[in-house]
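Dropping target_19.cif in here (mmCIF, C-alpha atoms and all ligand atoms):
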```cif
data_model
loop_
_atom_site.label_atom_id
_atom_site.label_comp_id
_atom_site.auth_asym_id
_atom_site.auth_seq_id
_atom_site.Cartn_x
_atom_site.Cartn_y
_atom_site.Cartn_z
CA MET B 1 -72.50 -14.93 74.73
CA SER B 2 -70.11 -17.85 74.10
CA GLU B 3 -68.84 -20.15 76.86
CA SER B 4 -65.33 -18.77 76.49
CA GLY B 5 -66.65 -15.21 76.48
CA MET B 6 -68.44 -15.85 79.75
CA GLU B 7 -65.41 -17.51 81.30
CA GLY B 8 -63.22 -14.54 80.33
CA LEU B 9 -65.73 -12.10 81.78
CA LEU B 10 -65.89 -14.01 85.05
CA GLN B 11 -62.12 -14.16 85.29
CA ARG B 12 -61.77 -10.42 84.76
CA TRP B 13 -64.55 -9.74 87.28
CA ARG B 14 -62.99 -11.98 89.96
CA SER B 15 -59.58 -10.45 89.60
CA LEU B 16 -60.90 -6.85 89.59
CA GLU B 17 -63.17 -7.57 92.57
CA HIS B 18 -60.22 -8.96 94.46
CA GLU B 19 -57.96 -6.03 93.64
CA LEU B 20 -60.59 -3.39 94.42
CA GLY B 21 -61.85 -5.24 97.48
CA GLU B 22 -58.34 -5.13 98.96
CA ALA B 23 -58.31 -1.38 98.38
CA GLY B 24 -61.82 -0.95 99.84
CA VAL B 25 -63.10 0.54 96.58
CA THR B 26 -66.53 -0.15 95.05
CA MET B 27 -66.61 -1.38 91.48
CA VAL B 28 -69.50 0.08 89.49
CA ALA B 29 -69.79 -2.23 86.47
CA ILE B 30 -70.60 0.06 83.55
CA SER B 31 -72.93 -2.09 81.48
CA LYS B 32 -74.04 0.53 78.94
CA TYR B 33 -72.65 -1.46 75.99
CA ALA B 34 -72.93 -4.90 77.55
CA PRO B 35 -75.63 -7.33 76.41
CA ASP B 36 -78.16 -8.66 78.90
CA ASP B 37 -76.55 -12.09 79.04
CA ALA B 38 -73.22 -10.58 80.13
CA VAL B 39 -75.02 -8.63 82.87
CA ALA B 40 -76.76 -11.84 83.94
CA VAL B 41 -73.42 -13.66 84.19
CA LEU B 42 -72.12 -11.06 86.66
CA ILE B 43 -75.34 -11.09 88.68
CA ASP B 44 -75.18 -14.89 88.94
CA ALA B 45 -71.60 -14.52 90.18
CA GLY B 46 -72.81 -12.13 92.90
CA HIS B 47 -72.18 -8.67 91.46
CA ARG B 48 -74.81 -6.09 92.43
CA CYS B 49 -73.58 -2.62 91.50
CA PHE B 50 -74.05 -1.45 87.90
CA GLY B 51 -73.91 1.86 86.05
CA GLU B 52 -75.85 2.95 82.98
CA SER B 53 -75.60 6.13 80.91
CA ARG B 54 -79.02 5.90 79.23
CA PRO B 55 -82.05 6.43 81.47
CA GLN B 56 -84.41 4.07 79.65
CA LEU B 57 -81.93 1.21 79.71
CA LEU B 58 -81.36 1.90 83.40
CA ARG B 59 -85.11 1.66 83.99
CA ASP B 60 -85.45 -1.54 81.96
CA ARG B 61 -82.59 -3.26 83.75
CA ALA B 62 -83.62 -2.02 87.19
CA LEU B 63 -87.08 -3.51 86.62
CA ARG B 64 -85.59 -6.75 85.36
CA TRP B 65 -82.95 -7.06 88.10
CA PRO B 66 -84.31 -5.29 91.20
CA GLN B 67 -81.81 -7.10 93.43
CA CYS B 68 -79.06 -4.83 91.96
CA GLN B 69 -78.21 -1.17 92.45
CA TRP B 70 -78.36 0.81 89.19
CA HIS B 71 -76.26 3.97 89.10
CA MET B 72 -76.94 6.74 86.60
CA ILE B 73 -73.64 7.98 85.16
CA GLY B 74 -74.53 9.81 81.94
CA PRO B 75 -75.94 13.17 80.87
CA LEU B 76 -79.61 13.52 81.74
CA GLN B 77 -82.39 15.52 80.10
CA LYS B 78 -85.27 16.82 82.18
CA ASN B 79 -87.83 14.77 80.29
CA LYS B 80 -86.05 11.56 81.36
CA ALA B 81 -85.66 12.64 84.99
CA LYS B 82 -88.45 10.34 86.17
CA TYR B 83 -86.51 7.20 85.22
CA VAL B 84 -83.62 8.24 87.42
CA ALA B 85 -85.92 9.31 90.25
CA ARG B 86 -87.77 6.01 90.25
CA HIS B 87 -85.05 3.51 89.48
CA ALA B 88 -81.53 4.80 90.22
CA ALA B 89 -79.69 3.83 93.40
CA MET B 90 -77.32 6.78 92.93
CA TRP B 91 -77.02 9.65 90.44
CA HIS B 92 -73.34 10.35 89.65
CA SER B 93 -73.73 12.93 86.89
CA CYS B 94 -75.68 15.76 88.50
CA ASP B 95 -74.60 19.08 86.96
CA SER B 96 -77.83 21.06 86.53
CA VAL B 97 -80.10 22.53 89.19
CA ALA B 98 -83.09 22.44 86.84
CA THR B 99 -82.58 18.75 86.07
CA ALA B 100 -81.99 18.02 89.76
CA ALA B 101 -85.29 19.70 90.61
CA ALA B 102 -87.01 17.64 87.88
CA VAL B 103 -85.58 14.44 89.37
CA ALA B 104 -86.64 15.46 92.87
CA ALA B 105 -90.18 16.12 91.64
CA HIS B 106 -90.56 12.42 90.78
CA LEU B 107 -89.07 10.93 93.94
CA ASP B 108 -92.38 10.21 95.66
CA GLY B 109 -90.89 10.37 99.13
CA ARG B 110 -87.75 8.42 98.23
CA THR B 111 -84.27 9.80 99.02
CA LEU B 112 -81.78 9.69 96.16
CA PRO B 113 -78.02 9.80 96.83
CA VAL B 114 -76.40 12.29 94.44
CA LEU B 115 -72.85 13.05 93.34
CA ILE B 116 -71.98 16.32 91.64
CA GLN B 117 -70.06 15.88 88.41
CA VAL B 118 -67.10 18.25 88.35
CA ASN B 119 -65.47 19.32 85.10
CA ILE B 120 -61.99 18.99 86.53
CA SER B 121 -60.22 19.21 83.18
CA GLY B 122 -61.81 22.59 82.44
CA ASN B 123 -62.45 21.30 78.91
CA PRO B 124 -65.70 22.91 77.66
CA ASP B 125 -66.52 19.71 75.74
CA GLN B 126 -66.76 17.74 79.00
CA HIS B 127 -69.76 17.73 81.30
CA GLY B 128 -69.80 18.96 84.87
CA ILE B 129 -69.68 21.98 87.11
CA SER B 130 -66.54 24.12 87.13
CA VAL B 131 -64.47 24.19 90.29
CA ASP B 132 -65.35 27.86 90.78
CA GLU B 133 -69.08 27.21 90.61
CA LEU B 134 -68.99 24.12 92.81
CA PRO B 135 -69.68 25.63 96.27
CA ALA B 136 -72.73 27.61 95.10
CA PHE B 137 -73.99 24.67 93.06
CA ALA B 138 -73.59 22.28 95.99
CA ALA B 139 -75.60 24.62 98.21
CA GLN B 140 -78.42 24.65 95.66
CA ILE B 141 -78.47 20.85 95.38
CA THR B 142 -78.42 20.46 99.15
CA ALA B 143 -81.50 22.68 99.37
CA ILE B 144 -83.56 20.35 97.14
CA GLU B 145 -85.69 18.03 99.22
CA GLY B 146 -85.21 14.34 98.51
CA LEU B 147 -81.70 14.65 97.10
CA GLN B 148 -78.89 13.61 99.40
CA LEU B 149 -75.58 15.09 98.30
CA CYS B 150 -72.97 12.49 99.19
CA GLY B 151 -69.91 13.15 97.05
CA LEU B 152 -68.28 14.12 93.77
CA MET B 153 -67.71 12.50 90.41
CA ALA B 154 -65.26 13.30 87.63
CA MET B 155 -63.73 12.07 84.41
CA ALA B 156 -60.02 12.56 83.91
CA PRO B 157 -58.77 14.85 81.15
CA HIS B 158 -58.48 13.07 77.79
CA PHE B 159 -54.82 14.01 77.46
CA GLY B 160 -51.88 14.27 79.78
CA ASP B 161 -51.29 13.12 83.33
CA VAL B 162 -54.47 12.11 85.16
CA ARG B 163 -53.03 12.35 88.66
CA PRO B 164 -53.21 16.12 89.18
CA ALA B 165 -56.91 16.00 88.25
CA PHE B 166 -57.57 13.12 90.64
CA GLN B 167 -55.65 14.90 93.41
CA ALA B 168 -57.65 18.08 92.84
CA MET B 169 -60.87 16.07 93.08
CA ARG B 170 -59.80 14.52 96.32
CA SER B 171 -59.05 17.85 97.91
CA LEU B 172 -62.39 19.27 96.71
CA ARG B 173 -64.14 16.27 98.27
CA ASP B 174 -62.17 16.69 101.49
CA LYS B 175 -63.13 20.35 101.70
CA MET B 176 -66.81 19.69 101.08
CA PHE B 177 -67.24 16.64 103.28
CA ASP B 178 -64.75 17.23 106.06
CA GLY B 179 -62.47 14.57 104.62
CA SER B 180 -64.46 11.74 106.09
CA VAL B 181 -67.54 10.30 104.49
CA GLY B 182 -67.86 11.78 101.00
CA GLN B 183 -67.86 9.49 97.99
CA LEU B 184 -65.38 10.05 95.19
CA SER B 185 -66.40 8.44 91.90
CA MET B 186 -63.39 8.61 89.59
CA GLY B 187 -61.38 6.22 87.47
CA MET B 188 -62.41 4.28 84.37
CA SER B 189 -60.87 1.36 82.51
CA GLY B 190 -57.79 3.29 81.41
CA ASP B 191 -56.98 5.05 84.66
CA PHE B 192 -58.67 3.30 87.59
CA ARG B 193 -55.45 2.21 89.26
CA GLU B 194 -54.23 5.80 89.43
CA ALA B 195 -57.66 6.86 90.70
CA VAL B 196 -57.59 4.26 93.47
CA GLU B 197 -54.13 5.41 94.53
CA GLU B 198 -55.38 8.99 94.62
CA GLY B 199 -58.35 8.18 96.83
CA ALA B 200 -61.31 7.08 94.69
CA THR B 201 -64.06 5.34 96.66
CA MET B 202 -65.85 4.11 93.51
CA VAL B 203 -64.45 3.29 90.08
CA ARG B 204 -66.59 2.99 86.95
CA LEU B 205 -65.39 0.10 84.81
CA GLY B 206 -66.72 -0.74 81.36
CA SER B 207 -64.34 -2.13 78.75
CA VAL B 208 -61.71 -3.52 81.14
CA LEU B 209 -64.47 -5.68 82.65
CA PHE B 210 -66.83 -6.52 79.79
CA GLY B 211 -64.16 -6.60 77.06
CA GLU B 212 -63.73 -4.59 73.90
CA LEU B 213 -65.54 -7.04 71.63
CA ASP B 214 -68.83 -6.94 73.49
CA ILE B 215 -68.63 -3.19 73.54
CA ARG B 216 -68.28 -2.93 69.77
CA ASN B 217 -71.08 -5.41 69.13
CA ASN B 218 -73.55 -3.56 71.29
CA ARG B 219 -72.73 0.05 70.66
CA ASN B 220 -75.86 1.66 69.27
CA ASP B 221 -75.40 5.31 70.06
C1 LIG I 1 -68.67 4.68 79.63
C2 LIG I 1 -68.33 5.34 80.89
C3 LIG I 1 -67.45 4.73 81.81
C4 LIG I 1 -66.73 3.42 81.53
O1 LIG I 1 -65.81 3.58 80.51
P1 LIG I 1 -64.64 2.51 80.26
O2 LIG I 1 -63.49 3.32 79.78
O3 LIG I 1 -65.17 1.56 79.25
O4 LIG I 1 -64.35 1.85 81.56
C5 LIG I 1 -67.22 5.39 83.01
N1 LIG I 1 -67.80 6.58 83.30
C6 LIG I 1 -68.64 7.19 82.45
C7 LIG I 1 -69.25 8.49 82.84
C8 LIG I 1 -68.92 6.60 81.22
O5 LIG I 1 -69.77 7.21 80.38
#
```
Rewrite the structure from the file as C-alpha cells, please.
Amino acid sequence: MSESGMEGLLQRWRSLEHELGEAGVTMVAISKYAPDDAVAVLIDAGHRCFGESRPQLLRDRALRWPQCQWHMIGPLQKNKAKYVARHAAMWHSCDSVATAAAVAAHLDGRTLPVLIQVNISGNPDQHGISVDELPAFAAQITAIEGLQLCGLMAMAPHFGDVRPAFQAMRSLRDKMFDGSVGQLSMGMSGDFREAVEEGATMVRLGSVLFGELDIRNNRND
C-alpha cells in the first residue's frame, strides 16, 4: 500500500469513527477485499472490530491479529462452521438452524453472540429469514446451547427507498428484545447514514472505508 493510500485510509477511518462515535454506533470494518497491509494500518491506528465474509480468511486474520474482534458477515456452509465457532467474535449472518447447530457443535464451551439475518426486502435472491418465519426461527436458535441470540442483521433492498426496510428492522428488533438491548446490524457504505438515523447499532463498512481501488485489486471471488 502506498504512503498516500495509507494516509487516505486513515483520514477516512478517523472521520467515520468520529461521526459514528458521536452517534454511539459501532463501525465493523468490512475487510473482505482489503489487503493485509490496509488491515494493519487500521489496527495500528487503534481499530479493533472487523468483518469478513469468507470463513477461512476470518480464521487466518483472527489468528494473525487476536487483539481484534472478527465478525462473520457472509453466507456459511456447514463444513466451514468450525472456523466461525473457533474464531468469530460475532456471527451476523445466521439464517439456518442446521448450520447454527454445526457451529454450536464446535464451540468447545465458548459462547458465541449471534444475529439473525432477516430478508427484509423479501427478494428471494437475498439471504436471510423471512419476517413471517422469524419468531419460530429465533426460538430454535435460542434453544441451541452455546449460541447467544443478541440481535438482528439485514441488508437493504437493492432498489428503492431503504428507510422503510430499516424501520421495519428496528420494530422487529424492538419486539424481540423489548426495545432495549438488542443489536441491529444494518447499513453499508451506500446507506449507513440512513441506517444510523433509523436506529442501527452497528454498521458494516467496506468500500467507503477502504476505498474502491483496493477493493478492485483484491477481489478474488
Ligand atoms: C461486503 C459487505 C458489506 C460491505 O459492503 P460495502 O458496500 O463495501 O460497505 C456489508 N455487509 C455485508 C453482508 C457484505 O457482504
| request: Give the answer as one residue: which of B:Pro135, B:Pro66, B:Gly24, B:Gly190 has the shortest atom-to-atom distance to ligand LIG 1 (chain I), using all atoms listed in the file? | output: B:Gly190
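Between atom CA of Ser171 of chain B and atom CA of Val131 of chain B lies a distance of 11.3 Å.
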| field | segment 181-185 of chain B environment, 6 Å, all atoms listed in the file, sequence neighbours closer than 2 positions dropped, as a ChimeraX atom specification | value | /B:150-153,177,200-203
Write a file of the just-selected residues containing C-alpha atoms, as a PDB file, keeping the file's coordinate frame.
```
ATOM      1  CA  CYS B 150     -72.970  12.490  99.190  1.00  0.00           C
ATOM      2  CA  GLY B 151     -69.910  13.150  97.050  1.00  0.00           C
ATOM      3  CA  LEU B 152     -68.280  14.120  93.770  1.00  0.00           C
ATOM      4  CA  MET B 153     -67.710  12.500  90.410  1.00  0.00           C
ATOM      5  CA  PHE B 177     -67.240  16.640 103.280  1.00  0.00           C
ATOM      6  CA  ALA B 200     -61.310   7.080  94.690  1.00  0.00           C
ATOM      7  CA  THR B 201     -64.060   5.340  96.660  1.00  0.00           C
ATOM      8  CA  MET B 202     -65.850   4.110  93.510  1.00  0.00           C
ATOM      9  CA  VAL B 203     -64.450   3.290  90.080  1.00  0.00           C
TER      10      VAL B 203
END
```
Output as a tab-separated table one row per residue of chain B within 9 Å of ligand LIG 1 (chain I): the closest atom pair and its distance in Å to one decimal place, counting all atoms listed in the file, sorted by chain and residue number ascending.
```
residue	atom	partner	partner_atom	distance
B:Val28	CA	I:LIG1	C5	8.7
B:Ala29	CA	I:LIG1	C4	8.1
B:Ile30	CA	I:LIG1	C4	5.5
B:Ser31	CA	I:LIG1	C1	8.2
B:Lys32	CA	I:LIG1	C1	6.8
B:Tyr33	CA	I:LIG1	C1	8.2
B:Gly51	CA	I:LIG1	C5	8.2
B:Glu52	CA	I:LIG1	O5	7.9
B:Ser53	CA	I:LIG1	O5	6.0
B:Met72	CA	I:LIG1	C7	8.7
B:Ile73	CA	I:LIG1	C7	5.0
B:Gly74	CA	I:LIG1	C7	5.5
B:Pro75	CA	I:LIG1	C7	8.4
B:His92	CA	I:LIG1	C7	8.2
B:Ser93	CA	I:LIG1	C7	7.5
B:Met153	CA	I:LIG1	C7	8.7
B:Ala154	CA	I:LIG1	C7	7.9
B:Met155	CA	I:LIG1	C7	6.8
B:Ser185	CA	I:LIG1	N1	8.9
B:Met186	CA	I:LIG1	N1	7.9
B:Gly187	CA	I:LIG1	C5	7.4
B:Met188	CA	I:LIG1	O4	4.2
B:Ser189	CA	I:LIG1	O4	3.6
B:Gly190	CA	I:LIG1	O2	5.9
B:Asp191	CA	I:LIG1	O2	8.3
B:Phe192	CA	I:LIG1	O4	8.4
B:Val203	CA	I:LIG1	C5	7.9
B:Arg204	CA	I:LIG1	C5	4.7
B:Leu205	CA	I:LIG1	O4	3.8
B:Gly206	CA	I:LIG1	O3	3.5
B:Ser207	CA	I:LIG1	O3	3.8
B:Val208	CA	I:LIG1	O4	6.0
B:Leu209	CA	I:LIG1	O4	7.6
B:Phe210	CA	I:LIG1	O3	8.3
B:Gly211	CA	I:LIG1	O3	8.5
B:Glu212	CA	I:LIG1	O3	8.3
B:Ile215	CA	I:LIG1	O3	8.2
```
| Selected residue of minimal separation from Ala23 of chain B among B:Arg54, B:Arg110, B:Arg193, B:His127, counting only C-alpha atoms | B:Arg193
| remark: Min atom-atom distance to Leu76 of chain B from the set B:Gly8, B:Gly109, B:Gly160, B:Gly128, counting all atoms listed in the file, belongs to B:Gly128
